[in-house]
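Below is data03.tsv, which holds TSV, C-alpha atoms.
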chain	number	residue	atom	x	y	z
A	1	MET	CA	96.61	-23.60	-169.16
A	2	THR	CA	99.96	-24.38	-170.78
A	3	ILE	CA	101.77	-27.68	-170.26
A	4	THR	CA	104.41	-25.84	-168.21
A	5	LEU	CA	101.79	-24.43	-165.88
A	6	VAL	CA	100.14	-27.83	-165.53
A	7	VAL	CA	103.48	-29.41	-164.62
A	8	LEU	CA	104.25	-26.65	-162.13
A	9	ALA	CA	100.79	-26.99	-160.57
A	10	ALA	CA	101.25	-30.75	-160.29
A	11	LEU	CA	104.67	-30.34	-158.69
A	12	ALA	CA	103.21	-27.85	-156.21
A	13	LEU	CA	100.51	-30.35	-155.24
A	14	VAL	CA	103.07	-33.13	-154.79
A	15	ALA	CA	105.23	-30.87	-152.60
A	16	ALA	CA	102.23	-29.72	-150.55
A	17	ALA	CA	100.81	-33.21	-150.02
A	18	PRO	CA	103.28	-34.26	-147.27
A	19	LEU	CA	102.64	-30.99	-145.44
A	20	ALA	CA	98.89	-31.52	-145.70
A	21	VAL	CA	99.21	-35.05	-144.36
A	22	ARG	CA	101.46	-33.79	-141.57
A	23	ALA	CA	98.86	-31.17	-140.65
A	24	VAL	CA	96.13	-33.82	-140.40
A	25	LEU	CA	98.33	-36.11	-138.30
A	26	LYS	CA	99.34	-33.25	-136.00
A	27	HIS	CA	95.66	-32.42	-135.48
A	28	ARG	CA	94.89	-36.02	-134.52
A	29	VAL	CA	97.84	-36.20	-132.13
A	30	ALA	CA	96.81	-32.88	-130.54
A	31	ALA	CA	93.28	-34.15	-129.97
A	32	LYS	CA	94.55	-37.27	-128.19
A	33	ALA	CA	97.07	-35.26	-126.15
A	34	ARG	CA	94.61	-32.62	-124.95
A	35	ILE	CA	94.57	-32.03	-121.19
A	36	ASP	CA	91.47	-30.24	-119.91
A	37	SER	CA	91.17	-31.56	-116.35
A	38	PRO	CA	90.40	-28.86	-113.72
A	39	ASN	CA	93.75	-29.20	-111.95
A	40	GLY	CA	95.81	-29.99	-115.03
A	41	ILE	CA	98.88	-28.19	-116.30
A	42	VAL	CA	100.10	-27.63	-119.85
A	43	GLU	CA	103.06	-25.28	-120.15
A	44	GLY	CA	105.82	-24.72	-122.64
A	45	ARG	CA	108.13	-21.79	-122.06
A	46	TYR	CA	111.67	-20.54	-121.77
A	47	VAL	CA	113.30	-20.25	-118.36
A	48	ARG	CA	116.63	-18.55	-117.78
A	49	ILE	CA	118.98	-21.32	-116.68
A	50	GLY	CA	122.71	-20.77	-116.30
A	51	GLY	CA	122.39	-17.41	-118.02
A	52	VAL	CA	120.69	-18.95	-121.09
A	53	GLU	CA	116.99	-19.20	-121.98
A	54	GLN	CA	116.25	-22.94	-121.99
A	55	TRP	CA	112.99	-24.62	-122.98
A	56	LEU	CA	110.84	-26.50	-120.48
A	57	GLN	CA	107.67	-28.46	-121.27
A	58	ILE	CA	105.42	-29.33	-118.32
A	59	ARG	CA	102.30	-31.48	-118.72
A	60	GLY	CA	100.05	-33.41	-116.36
A	61	GLU	CA	96.41	-33.96	-115.48
A	62	ASP	CA	96.73	-33.14	-111.79
A	63	ARG	CA	99.19	-30.75	-110.20
A	64	ALA	CA	98.94	-32.82	-107.01
A	65	ASN	CA	100.66	-35.74	-108.75
A	66	PRO	CA	104.39	-36.39	-108.24
A	67	VAL	CA	106.72	-34.59	-110.63
A	68	LEU	CA	108.92	-36.53	-113.03
A	69	LEU	CA	111.88	-34.55	-114.42
A	70	VAL	CA	113.17	-36.26	-117.57
A	71	VAL	CA	116.82	-35.80	-118.56
A	72	HIS	CA	117.20	-36.67	-122.23
A	73	GLY	CA	119.92	-38.59	-124.03
A	74	GLY	CA	121.49	-38.19	-127.44
A	75	PRO	CA	123.31	-36.31	-125.92
A	76	GLY	CA	121.39	-33.83	-128.10
A	77	SER	CA	117.93	-35.41	-128.52
A	78	PRO	CA	115.18	-33.86	-126.34
A	79	TYR	CA	112.66	-36.49	-125.26
A	80	SER	CA	109.69	-34.12	-125.44
A	81	VAL	CA	109.19	-35.54	-128.96
A	82	PHE	CA	107.88	-38.68	-127.23
A	83	THR	CA	105.05	-36.76	-125.53
A	84	ALA	CA	102.31	-38.51	-127.52
A	85	ALA	CA	103.64	-41.94	-126.53
A	86	LEU	CA	103.66	-40.93	-122.87
A	87	ARG	CA	100.12	-39.59	-122.68
A	88	GLU	CA	99.09	-42.16	-120.06
A	89	TRP	CA	102.06	-41.14	-117.88
A	90	GLU	CA	100.51	-37.67	-117.56
A	91	ARG	CA	97.54	-39.13	-115.70
A	92	HIS	CA	99.84	-40.18	-112.86
A	93	PHE	CA	102.76	-37.72	-113.03
A	94	THR	CA	103.48	-34.14	-113.95
A	95	VAL	CA	106.08	-34.79	-116.64
A	96	VAL	CA	108.79	-32.18	-117.22
A	97	HIS	CA	110.97	-32.22	-120.34
A	98	TRP	CA	114.01	-29.96	-120.70
A	99	ASP	CA	115.82	-29.06	-123.94
A	100	ARG	CA	119.47	-28.69	-122.94
A	101	ARG	CA	122.04	-26.26	-124.34
A	102	GLY	CA	122.46	-26.70	-128.07
A	103	CYS	CA	119.33	-28.87	-128.32
A	104	GLY	CA	115.84	-28.50	-129.73
A	105	ARG	CA	114.03	-25.29	-128.92
A	106	THR	CA	116.88	-24.07	-126.73
A	107	LEU	CA	119.10	-24.21	-129.82
A	108	ARG	CA	116.47	-22.44	-131.90
A	109	ARG	CA	116.24	-19.61	-129.38
A	110	ASN	CA	119.96	-19.09	-128.71
A	111	GLY	CA	121.82	-20.54	-131.66
A	112	ARG	CA	124.68	-22.97	-131.36
A	113	PRO	CA	126.58	-22.60	-128.07
A	114	SER	CA	130.32	-22.25	-127.85
A	115	ALA	CA	132.45	-25.34	-127.30
A	116	GLY	CA	133.12	-24.15	-123.76
A	117	GLU	CA	129.41	-24.37	-122.96
A	118	LEU	CA	129.01	-27.89	-124.32
A	119	THR	CA	130.37	-29.79	-121.35
A	120	PHE	CA	128.62	-32.31	-119.17
A	121	GLU	CA	129.72	-30.37	-116.09
A	122	ARG	CA	127.89	-27.30	-117.40
A	123	MET	CA	124.80	-29.39	-118.15
A	124	VAL	CA	124.83	-30.92	-114.67
A	125	ALA	CA	124.87	-27.41	-113.18
A	126	ASP	CA	122.02	-26.43	-115.53
A	127	GLY	CA	120.07	-29.54	-114.54
A	128	ILE	CA	120.35	-28.75	-110.85
A	129	GLU	CA	119.07	-25.24	-111.56
A	130	VAL	CA	116.19	-26.70	-113.60
A	131	ALA	CA	115.28	-29.01	-110.71
A	132	GLU	CA	115.32	-26.10	-108.27
A	133	HIS	CA	113.08	-24.07	-110.58
A	134	VAL	CA	110.63	-26.93	-111.14
A	135	ARG	CA	110.43	-27.69	-107.43
A	136	ALA	CA	109.60	-24.06	-106.61
A	137	HIS	CA	107.31	-23.54	-109.60
A	138	LEU	CA	105.21	-26.63	-108.88
A	139	GLY	CA	105.34	-26.37	-105.10
A	140	LYS	CA	107.11	-29.68	-104.44
A	141	ASP	CA	109.82	-30.43	-101.91
A	142	THR	CA	111.42	-33.01	-104.22
A	143	VAL	CA	110.93	-34.47	-107.69
A	144	ILE	CA	111.65	-37.85	-109.26
A	145	LEU	CA	114.68	-37.68	-111.55
A	146	MET	CA	114.58	-39.89	-114.64
A	147	ALA	CA	117.58	-40.06	-116.98
A	148	GLY	CA	117.83	-42.07	-120.17
A	149	SER	CA	120.80	-43.17	-122.28
A	150	MET	CA	123.40	-40.35	-122.35
A	151	GLY	CA	121.16	-38.49	-119.96
A	152	THR	CA	122.84	-40.79	-117.44
A	153	ILE	CA	125.99	-38.69	-117.78
A	154	VAL	CA	124.00	-35.66	-116.58
A	155	GLY	CA	121.48	-37.33	-114.28
A	156	LEU	CA	123.80	-39.37	-112.05
A	157	PRO	CA	125.96	-36.37	-111.04
A	158	MET	CA	122.80	-34.33	-110.43
A	159	ALA	CA	121.57	-36.97	-108.00
A	160	ARG	CA	124.97	-37.25	-106.32
A	161	GLN	CA	125.53	-33.51	-105.95
A	162	ARG	CA	122.03	-32.54	-104.81
A	163	PRO	CA	120.19	-35.52	-103.33
A	164	ASP	CA	118.02	-33.09	-101.38
A	165	LEU	CA	116.23	-32.15	-104.62
A	166	PHE	CA	115.15	-35.67	-105.56
A	167	SER	CA	113.00	-38.36	-104.01
A	168	ALA	CA	114.39	-41.05	-106.33
A	169	TYR	CA	116.57	-41.70	-109.36
A	170	VAL	CA	115.15	-43.70	-112.28
A	171	GLY	CA	117.68	-44.90	-114.84
A	172	SER	CA	116.90	-46.37	-118.25
A	173	ASP	CA	119.00	-47.21	-121.32
A	174	PHE	CA	121.75	-47.08	-118.72
A	175	TYR	CA	125.37	-46.44	-119.72
A	176	VAL	CA	127.98	-47.82	-117.32
A	177	ASP	CA	131.49	-47.89	-118.83
A	178	MET	CA	131.29	-46.34	-122.28
A	179	LEU	CA	134.45	-47.87	-123.72
A	180	ALA	CA	133.60	-51.35	-122.45
A	181	ASN	CA	130.03	-50.92	-123.71
A	182	GLU	CA	131.18	-50.01	-127.22
A	183	ARG	CA	133.77	-52.77	-127.35
A	184	GLN	CA	131.19	-55.39	-126.41
A	185	GLY	CA	128.50	-53.79	-128.55
A	186	ARG	CA	130.68	-54.06	-131.64
A	187	ALA	CA	131.47	-57.71	-130.88
A	188	ASP	CA	127.81	-58.61	-130.27
A	189	THR	CA	126.71	-56.89	-133.47
A	190	LEU	CA	129.40	-58.65	-135.49
A	191	GLU	CA	128.13	-61.97	-134.14
A	192	ARG	CA	124.58	-61.19	-135.28
A	193	LEU	CA	125.78	-60.03	-138.71
A	194	ARG	CA	127.87	-63.16	-139.24
A	195	ALA	CA	124.96	-65.37	-138.21
A	196	ALA	CA	122.73	-63.57	-140.72
A	197	GLY	CA	125.33	-63.81	-143.48
A	198	ASN	CA	125.39	-60.02	-143.86
A	199	LYS	CA	128.72	-59.57	-145.61
A	200	ARG	CA	128.42	-55.79	-145.95
A	201	GLY	CA	127.75	-55.30	-142.25
A	202	VAL	CA	130.52	-57.70	-141.27
A	203	ALA	CA	133.01	-55.86	-143.48
A	204	THR	CA	131.96	-52.49	-142.03
A	205	LEU	CA	132.40	-53.53	-138.40
A	206	GLU	CA	135.51	-55.60	-139.01
A	207	ALA	CA	137.06	-52.42	-140.40
A	208	LEU	CA	136.54	-50.78	-136.99
A	209	ASP	CA	139.39	-51.21	-134.53
A	210	PRO	CA	138.19	-53.43	-131.63
A	211	ASP	CA	139.49	-50.68	-129.33
A	212	PRO	CA	136.89	-47.85	-129.28
A	213	ARG	CA	139.55	-45.41	-128.07
A	214	THR	CA	140.70	-45.17	-131.68
A	215	TRP	CA	137.25	-44.32	-133.07
A	216	ASP	CA	136.02	-40.98	-134.31
A	217	VAL	CA	132.35	-40.01	-134.23
A	218	LYS	CA	131.76	-41.46	-137.70
A	219	ALA	CA	133.14	-44.84	-136.63
A	220	TRP	CA	130.94	-44.76	-133.53
A	221	GLY	CA	127.97	-43.91	-135.74
A	222	ARG	CA	128.61	-47.00	-137.87
A	223	ARG	CA	128.58	-49.20	-134.77
A	224	MET	CA	125.28	-47.62	-133.70
A	225	GLN	CA	123.75	-47.97	-137.17
A	226	TRP	CA	124.45	-51.68	-137.45
A	227	SER	CA	123.61	-52.44	-133.82
A	228	MET	CA	120.19	-50.82	-134.10
A	229	GLY	CA	119.56	-52.26	-137.54
A	230	THR	CA	120.20	-55.82	-136.31
A	231	ASP	CA	118.34	-55.38	-133.00
A	232	PRO	CA	116.65	-58.77	-132.39
A	233	ALA	CA	113.87	-57.17	-130.35
A	234	ASN	CA	112.85	-54.49	-132.86
A	235	PRO	CA	115.22	-53.44	-135.66
A	236	ASN	CA	115.50	-49.62	-135.58
A	237	GLY	CA	112.28	-49.60	-133.55
A	238	GLY	CA	113.24	-46.75	-131.25
A	239	LEU	CA	114.40	-44.54	-134.12
A	240	LYS	CA	111.22	-45.21	-136.10
A	241	THR	CA	109.13	-44.17	-133.10
A	242	LEU	CA	111.28	-41.11	-132.50
A	243	PHE	CA	111.21	-39.70	-136.03
A	244	SER	CA	107.51	-40.44	-136.53
A	245	LEU	CA	106.64	-38.50	-133.37
A	246	LEU	CA	109.12	-35.72	-134.19
A	247	LEU	CA	107.33	-35.01	-137.47
A	248	THR	CA	103.85	-35.04	-135.91
A	249	LYS	CA	104.45	-33.19	-132.61
A	250	PRO	CA	101.50	-30.78	-132.54
A	251	ASP	CA	103.38	-27.72	-131.27
A	252	TYR	CA	106.39	-28.22	-133.56
A	253	SER	CA	106.76	-26.13	-136.69
A	254	LEU	CA	109.08	-27.31	-139.45
A	255	LEU	CA	111.67	-24.92	-138.03
A	256	ASP	CA	111.40	-26.71	-134.68
A	257	VAL	CA	111.92	-30.05	-136.45
A	258	ILE	CA	115.00	-28.67	-138.22
A	259	ALA	CA	116.38	-27.27	-134.95
A	260	TRP	CA	115.87	-30.65	-133.23
A	261	LEU	CA	117.76	-32.45	-136.02
A	262	ARG	CA	120.54	-29.86	-136.09
A	263	GLY	CA	121.03	-30.11	-132.35
A	264	PHE	CA	120.98	-33.91	-132.42
A	265	ALA	CA	123.91	-34.00	-134.86
A	266	ALA	CA	125.88	-30.99	-133.64
A	267	VAL	CA	125.85	-31.85	-129.93
A	268	ARG	CA	126.70	-35.50	-130.63
A	269	ASP	CA	129.71	-34.45	-132.70
A	270	ALA	CA	130.87	-31.74	-130.30
A	271	MET	CA	130.65	-33.95	-127.20
A	272	PHE	CA	131.91	-37.23	-128.66
A	273	ALA	CA	135.29	-37.22	-126.90
A	274	GLN	CA	133.60	-36.43	-123.57
A	275	PHE	CA	130.93	-39.11	-123.63
A	276	MET	CA	133.37	-41.79	-124.78
A	277	GLN	CA	135.24	-41.27	-121.49
A	278	PHE	CA	132.20	-41.82	-119.27
A	279	ASP	CA	132.37	-44.36	-116.47
A	280	ALA	CA	129.48	-44.47	-114.01
A	281	ARG	CA	131.74	-46.05	-111.39
A	282	ALA	CA	134.20	-43.16	-111.42
A	283	GLU	CA	132.41	-41.45	-108.53
A	284	GLY	CA	131.60	-44.69	-106.74
A	285	THR	CA	128.37	-46.67	-106.50
A	286	ARG	CA	126.81	-45.03	-103.45
A	287	LEU	CA	123.62	-42.99	-103.86
A	288	GLU	CA	121.84	-41.16	-101.06
A	289	ILE	CA	118.43	-41.53	-102.72
A	290	PRO	CA	116.54	-44.64	-103.92
A	291	PHE	CA	117.83	-46.04	-107.21
A	292	HIS	CA	115.55	-47.70	-109.77
A	293	LEU	CA	116.71	-49.28	-113.02
A	294	PHE	CA	114.03	-49.91	-115.65
A	295	GLN	CA	115.76	-51.31	-118.71
A	296	GLY	CA	114.93	-53.07	-121.95
A	297	ALA	CA	115.86	-56.70	-121.38
A	298	GLN	CA	117.45	-56.90	-124.85
A	299	ASP	CA	119.11	-53.49	-125.15
A	300	VAL	CA	121.79	-53.64	-127.87
A	301	VAL	CA	122.90	-50.00	-127.50
A	302	THR	CA	123.30	-49.48	-123.76
A	303	LEU	CA	123.90	-53.12	-123.00
A	304	THR	CA	121.61	-54.67	-120.41
A	305	GLY	CA	124.22	-56.99	-118.85
A	306	PRO	CA	126.57	-54.24	-117.62
A	307	ALA	CA	123.61	-52.17	-116.42
A	308	VAL	CA	122.35	-55.06	-114.28
A	309	GLU	CA	125.87	-55.61	-112.90
A	310	PHE	CA	126.06	-51.93	-111.93
A	311	PHE	CA	122.64	-52.15	-110.27
A	312	ALA	CA	123.91	-55.01	-108.09
A	313	GLU	CA	126.83	-52.83	-106.95
A	314	VAL	CA	124.75	-49.77	-106.07
A	315	ASP	CA	124.40	-48.96	-102.39
A	316	ALA	CA	121.23	-46.89	-101.92
A	317	PRO	CA	118.48	-46.48	-99.31
A	318	ALA	CA	116.23	-48.57	-101.58
A	319	LYS	CA	116.48	-49.93	-105.09
A	320	SER	CA	114.50	-51.90	-107.65
A	321	LEU	CA	115.21	-53.52	-111.02
A	322	VAL	CA	112.68	-54.08	-113.81
A	323	LEU	CA	113.74	-55.64	-117.11
A	324	ILE	CA	111.13	-55.12	-119.82
A	325	ASP	CA	110.96	-58.24	-121.95
A	326	GLY	CA	110.91	-57.70	-125.70
A	327	ALA	CA	112.29	-54.18	-125.31
A	328	SER	CA	115.64	-52.83	-126.40
A	329	HIS	CA	116.89	-49.22	-126.42
A	330	PHE	CA	114.24	-46.53	-125.79
A	331	ALA	CA	112.26	-49.03	-123.71
A	332	ALA	CA	110.35	-46.19	-122.03
A	333	PHE	CA	109.01	-45.02	-125.37
A	334	THR	CA	108.52	-48.27	-127.27
A	335	HIS	CA	106.90	-49.95	-124.23
A	336	PRO	CA	105.38	-46.97	-122.36
A	337	ALA	CA	102.67	-48.99	-120.55
A	338	GLU	CA	105.14	-51.47	-119.06
A	339	PHE	CA	107.49	-48.65	-118.14
A	340	LEU	CA	104.66	-46.70	-116.49
A	341	ALA	CA	103.74	-49.74	-114.42
A	342	ALA	CA	107.32	-49.78	-113.12
A	343	LEU	CA	107.31	-46.00	-112.53
A	344	ARG	CA	104.18	-46.26	-110.41
A	345	THR	CA	106.03	-48.47	-107.95
A	346	VAL	CA	108.42	-45.60	-107.18
A	347	PRO	CA	107.37	-43.89	-103.92
A	348	ALA	CA	105.85	-40.48	-104.60
A	349	ALA	CA	107.94	-37.36	-104.20
A	350	ARG	CA	107.45	-35.43	-100.99

Please re-express this file's structure in structure tokens.
Amino acid sequence: MTITLVVLAALALVAAAPLAVRAVLKHRVAAKARIDSPNGIVEGRYVRIGGVEQWLQIRGEDRANPVLLVVHGGPGSPYSVFTAALREWERHFTVVHWDRRGCGRTLRRNGRPSAGELTFERMVADGIEVAEHVRAHLGKDTVILMAGSMGTIVGLPMARQRPDLFSAYVGSDFYVDMLANERQGRADTLERLRAAGNKRGVATLEALDPDPRTWDVKAWGRRMQWSMGTDPANPNGGLKTLFSLLLTKPDYSLLDVIAWLRGFAAVRDAMFAQFMQFDARAEGTRLEIPFHLFQGAQDVVTLTGPAVEFFAEVDAPAKSLVLIDGASHFAAFTHPAEFLAALRTVPAAR
């Protein structure tokens, strides 16, 4: 064998090694995630929602369990990637994940949607249709609606417009007033950077106007990068969990991974101006269904203080607040056992 062939063979082995490791890890994750109970359900399929085929994943050990419909954040990051972390949840709930327009497998199936389709109003209408489908498909009168991070911008209007579909609303990583959140988030992060003597980080955030109304998506991204990187609870912990699980999701091909990443970036960029205008109080603080807030006690992205203040203002038939100590953003996925304990206090759907 010539030296050239030896080099090429070695390069091929180096390139193949990560794929081989990924295959082994996916196999291990699949084994742990297997559901084989007699009344279990494991489905992944496209459903026509709002005239577009959108991906739904449904998993649970007992169809008799209450249904938990998860509305993801990002606004373009489907939470089905966290399936492995939520395995214990599936013993107590039938967990439904939905890839919205322009996201994940829905993006892979349909391509990038037009700008006119990428509105939160359109996604709220889609979400209501998803809830109606899930309710009929699983034979439930109502389902529990859980929304995280920018999923709040979709989930809250869903609950307000169609309370008949839901037995309760569970909020996490809760956005209240986006502009106020970003203004305070920048200030808090600057304080941590100055205390740590991080001159590069200080210079980066000092270069941002204190008024988030002047930011573009790149400026917002810099605030997020430094906030997560200096998170006292777990620096970049949520992102590390997310990307590790994304690469080892058993039913994800590399093309699915690429589609997830493409949607994450494209939807964030396309919807930046919309989500920066969000204010949860704009439609009032009255909910016709029980309201539960389960939040990381040290969230540096969707700040915990404003979320707790909003909770105090909410007028609902019932409500509960759980702050998960040691948790920041993505509390449901970095502390799934503690979050499940809180979820199990929510009265079952009818």

Find the residues around A:Asp126 up to 10 Å (only C-alpha atoms counted), leave out those fewer than 2 positions away in its own chain, and share them as a list in words.
->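 Non-adjacent residues within range: Arg48, Ile49, Gly50, Gly51, Val52, Gln54, Arg100, Arg101, Phe120, Glu121, Arg122, Met123, Val124, Ile128, Glu129, Val130, Ala131, Glu132, Val154 and Met158 of chain A.
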
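Contact shell of A:Phe93 at 8 Å (all atoms listed in the file; same-chain neighbours under 2 positions omitted): Gly60, Glu61, Asp62, Asn65, Pro66, Val67, Leu68, Trp89, Glu90, Arg91 and Val95 of chain A.
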
Generate the output file for the selected residues, C-alpha atoms, as a compact mmCIF listing (two decimals), in the coordinates of the input.
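File written: result25.txt
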# COMPACT_ATOMS: atom_id res chain seq x y z
CA GLY A 60 100.05 -33.41 -116.36
CA GLU A 61 96.41 -33.96 -115.48
CA ASP A 62 96.73 -33.14 -111.79
CA ASN A 65 100.66 -35.74 -108.75
CA PRO A 66 104.39 -36.39 -108.24
CA VAL A 67 106.72 -34.59 -110.63
CA LEU A 68 108.92 -36.53 -113.03
CA TRP A 89 102.06 -41.14 -117.88
CA GLU A 90 100.51 -37.67 -117.56
CA ARG A 91 97.54 -39.13 -115.70
CA VAL A 95 106.08 -34.79 -116.64

Quick one, how far is atom CA of A:Arg223 from atom CA of A:Arg200?
->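 Value for the atom CA of A:Arg223-atom CA of A:Arg200 distance: 13.0 Å.
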
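Using only C-alpha atoms, the smallest distance between any of A:Pro317, A:Gly139, A:Gly305, A:Pro290 and A:Val170 comes from A:Pro290.
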
When you draw a straight line from atom CA of A:Phe330 to atom CA of A:Glu191, how long is it in Å?
->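 Computing the Euclidean distance for atom CA of A:Phe330 and atom CA of A:Glu191 yields 22.4 Å.
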
Selection near stretch 262-267 of chain A, 12 Å with only C-alpha atoms, sequence-local residues under 3 positions removed, as number ranges by chain | A: 72-79, 99-115, 117-120, 150, 217-218, 221, 243, 255-259, 270-275

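A straight line drawn from atom CA of A:Ser37 to atom CA of A:Arg59 is 11.4 Å long.
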
Shortest contact to A:Leu321, candidates A:Phe174, A:His335, A:Gly151, A:Asp188, atoms counted all atoms listed in the file, goes to A:Phe174

For A:Ala159, which residue among A:Arg286, A:Lys32, A:His329, A:Lys26 is the nearest when counting only C-alpha atoms?
->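 Looking at the shortest contact to A:Ala159, the residue is A:Arg286.
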
Export: stretch 173-187 of chain A, N, CA, C and O atoms, as a PDB file, in the first residue's frame:
ATOM      1  N   ASP A 173     -39.210  28.596  32.463  1.00  0.00           N
ATOM      2  CA  ASP A 173     -38.334  29.523  31.724  1.00  0.00           C
ATOM      3  C   ASP A 173     -39.200  30.683  31.210  1.00  0.00           C
ATOM      4  O   ASP A 173     -39.188  31.009  30.024  1.00  0.00           O
ATOM      5  N   PHE A 174     -39.935  31.291  32.108  1.00  0.00           N
ATOM      6  CA  PHE A 174     -41.083  32.123  31.744  1.00  0.00           C
ATOM      7  C   PHE A 174     -40.672  33.548  31.378  1.00  0.00           C
ATOM      8  O   PHE A 174     -40.115  34.287  32.199  1.00  0.00           O
ATOM      9  N   TYR A 175     -40.957  33.937  30.143  1.00  0.00           N
ATOM     10  CA  TYR A 175     -40.769  35.325  29.715  1.00  0.00           C
ATOM     11  C   TYR A 175     -41.972  36.158  30.138  1.00  0.00           C
ATOM     12  O   TYR A 175     -43.117  35.736  29.966  1.00  0.00           O
ATOM     13  N   VAL A 176     -41.702  37.361  30.656  1.00  0.00           N
ATOM     14  CA  VAL A 176     -42.778  38.278  31.027  1.00  0.00           C
ATOM     15  C   VAL A 176     -42.767  39.472  30.067  1.00  0.00           C
ATOM     16  O   VAL A 176     -43.520  39.508  29.106  1.00  0.00           O
ATOM     17  N   ASP A 177     -41.899  40.420  30.308  1.00  0.00           N
ATOM     18  CA  ASP A 177     -41.734  41.599  29.456  1.00  0.00           C
ATOM     19  C   ASP A 177     -40.359  41.467  28.811  1.00  0.00           C
ATOM     20  O   ASP A 177     -39.334  41.617  29.479  1.00  0.00           O
ATOM     21  N   MET A 178     -40.328  41.185  27.518  1.00  0.00           N
ATOM     22  CA  MET A 178     -39.061  40.858  26.866  1.00  0.00           C
ATOM     23  C   MET A 178     -38.047  41.987  26.953  1.00  0.00           C
ATOM     24  O   MET A 178     -36.870  41.761  27.264  1.00  0.00           O
ATOM     25  N   LEU A 179     -38.465  43.208  26.679  1.00  0.00           N
ATOM     26  CA  LEU A 179     -37.515  44.321  26.708  1.00  0.00           C
ATOM     27  C   LEU A 179     -36.961  44.542  28.111  1.00  0.00           C
ATOM     28  O   LEU A 179     -35.749  44.737  28.290  1.00  0.00           O
ATOM     29  N   ALA A 180     -37.820  44.498  29.114  1.00  0.00           N
ATOM     30  CA  ALA A 180     -37.357  44.656  30.489  1.00  0.00           C
ATOM     31  C   ALA A 180     -36.446  43.500  30.886  1.00  0.00           C
ATOM     32  O   ALA A 180     -35.442  43.694  31.587  1.00  0.00           O
ATOM     33  N   ASN A 181     -36.785  42.300  30.435  1.00  0.00           N
ATOM     34  CA  ASN A 181     -35.966  41.126  30.734  1.00  0.00           C
ATOM     35  C   ASN A 181     -34.559  41.275  30.167  1.00  0.00           C
ATOM     36  O   ASN A 181     -33.555  40.991  30.833  1.00  0.00           O
ATOM     37  N   GLU A 182     -34.469  41.731  28.920  1.00  0.00           N
ATOM     38  CA  GLU A 182     -33.160  41.859  28.276  1.00  0.00           C
ATOM     39  C   GLU A 182     -32.351  43.000  28.876  1.00  0.00           C
ATOM     40  O   GLU A 182     -31.126  42.903  29.018  1.00  0.00           O
ATOM     41  N   ARG A 183     -33.026  44.073  29.228  1.00  0.00           N
ATOM     42  CA  ARG A 183     -32.327  45.199  29.858  1.00  0.00           C
ATOM     43  C   ARG A 183     -31.695  44.765  31.181  1.00  0.00           C
ATOM     44  O   ARG A 183     -30.518  45.017  31.446  1.00  0.00           O
ATOM     45  N   GLN A 184     -32.491  44.071  32.002  1.00  0.00           N
ATOM     46  CA  GLN A 184     -31.986  43.619  33.296  1.00  0.00           C
ATOM     47  C   GLN A 184     -30.972  42.493  33.130  1.00  0.00           C
ATOM     48  O   GLN A 184     -29.987  42.421  33.863  1.00  0.00           O
ATOM     49  N   GLY A 185     -31.212  41.620  32.151  1.00  0.00           N
ATOM     50  CA  GLY A 185     -30.284  40.526  31.915  1.00  0.00           C
ATOM     51  C   GLY A 185     -28.898  41.004  31.537  1.00  0.00           C
ATOM     52  O   GLY A 185     -27.884  40.468  31.993  1.00  0.00           O
ATOM     53  N   ARG A 186     -28.846  42.039  30.694  1.00  0.00           N
ATOM     54  CA  ARG A 186     -27.549  42.628  30.331  1.00  0.00           C
ATOM     55  C   ARG A 186     -26.860  43.199  31.567  1.00  0.00           C
ATOM     56  O   ARG A 186     -25.657  42.991  31.797  1.00  0.00           O
ATOM     57  N   ALA A 187     -27.617  43.939  32.385  1.00  0.00           N
ATOM     58  CA  ALA A 187     -27.036  44.565  33.577  1.00  0.00           C
ATOM     59  C   ALA A 187     -26.520  43.514  34.564  1.00  0.00           C
ATOM     60  O   ALA A 187     -25.422  43.648  35.121  1.00  0.00           O
TER      61      ALA A 187
END
